[in-house]
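Trainee: I'd like to ask some things about the structure below.
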Amino acid sequence: MNCSLVRLETKLGATIGVMLFDGAAVAWTLELQWKNNRSNVSCIPGGTYKAMRHQSKKYGNVWCLQDVPGRTGILVHSGNTVADTQGCIILGERVGWLKGARAVLDSRRAIDYWHALTADASELVVDVQT
């Protein structure tokens, strides 16, 4: 199964994009801004990554991107603002603001939908476009 993350906007400390699954838009994304791929403070570089299922203590059943240059533990999980990520990809149903910060909203519903779409997959290919 193939999906793409297309980054659309980078400002105010956040990167907003859209997640495509088999060519259809399925969720908005929120990441940190690009800061030279520094761990915990930057989004990941563009590229094509394999994603595997992972059981996170904090987020439960998630997808984890593999072989990201210089990085580990890049998850696709729920959250709203950059305060909820340390370089991971957050999914939401819509884009907005939360307490003055750029945000994706209705994240839990977006994650539930993402898990339903990917329920039969053992791995994904994620093309991160800049």
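Ligands are numbered from 1 in the order shown, residues from 1 within each chain, and chains are lettered A, B, ... in the order they appear in the structure tokens.
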Mind checking which residues fall within 7 Å of Ile16 in chain A, counting only C-alpha atoms, ignoring those fewer than 4 positions away in the same chain, and posting them as a list in words?

Mentor: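 Answer for this query is Arg7, Leu8, Glu9, Thr10, Thr29, Leu30 and Glu31 of chain A.
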
Trainee: Per DSSP on the backbone, what are the alpha helix (DSSP H) residues of range 58-130 of chain A, as a PDB file with C-alpha atoms, in the first residue's frame?

Mentor:
```
ATOM      1  CA  SER A 107      -6.936  14.074  15.342  1.00  0.00           C
ATOM      2  CA  ARG A 108      -8.368  11.032  17.085  1.00  0.00           C
ATOM      3  CA  ARG A 109     -11.002  10.608  14.353  1.00  0.00           C
ATOM      4  CA  ALA A 110      -8.330  11.013  11.660  1.00  0.00           C
ATOM      5  CA  ILE A 111      -6.157   8.359  13.306  1.00  0.00           C
ATOM      6  CA  ASP A 112      -9.121   5.996  13.628  1.00  0.00           C
ATOM      7  CA  TYR A 113      -9.876   6.470   9.920  1.00  0.00           C
ATOM      8  CA  TRP A 114      -6.185   5.944   9.052  1.00  0.00           C
ATOM      9  CA  HIS A 115      -6.138   2.696  11.028  1.00  0.00           C
ATOM     10  CA  ALA A 116      -9.300   1.510   9.255  1.00  0.00           C
ATOM     11  CA  LEU A 117      -7.738   2.242   5.846  1.00  0.00           C
TER      12      LEU A 117
END
```

Trainee: Name the residues of range 3-129 of chain A that fall into strand (DSSP E) according to DSSP on the backbone, using the chain letters and numbers of this document, as a ChimeraX atom specification.

Mentor: /A:3-11,14-21,24-32,47-56,60-65,74-77,89-92,94-98,101-105,123-129

Trainee: Mind checking which residues fall within 7 Å of Gly13 in chain A, counting only C-alpha atoms, ignoring those fewer than 2 positions away in the same chain, and posting them as a PDB file with N, CA and C atoms, in the first residue's frame?

Mentor:
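Saved file part.pdb follows:
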```pdb
ATOM      1  N   LYS A  11       5.154  27.579   8.161  1.00  0.00           N
ATOM      2  CA  LYS A  11       5.250  28.889   8.800  1.00  0.00           C
ATOM      3  C   LYS A  11       4.832  28.771  10.252  1.00  0.00           C
ATOM      4  N   LEU A  32       6.838  19.432  12.592  1.00  0.00           N
ATOM      5  CA  LEU A  32       7.707  20.557  12.914  1.00  0.00           C
ATOM      6  C   LEU A  32       8.214  21.186  11.620  1.00  0.00           C
ATOM      7  N   GLN A  33       8.751  22.410  11.703  1.00  0.00           N
ATOM      8  CA  GLN A  33       9.396  23.011  10.546  1.00  0.00           C
ATOM      9  C   GLN A  33      10.736  22.331  10.310  1.00  0.00           C
TER      10      GLN A  33
END
```

Trainee: I need the residue nearest Trp34 in chain A from this list: A:Met52, A:Leu12, A:Ala83, A:Cys64. Use only C-alpha atoms for the distance.

Mentor: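 For Trp34 in chain A, the nearest of the given residues is A:Leu12.
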
Trainee: Which residue out of A:Ala101, A:Leu91, A:Val128, A:Ala119 has the minimum interatomic distance to Cys43 in chain A when only C-alpha atoms are used?

Mentor: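 That would be A:Val128, the residue with the smallest distance to Cys43 in chain A.
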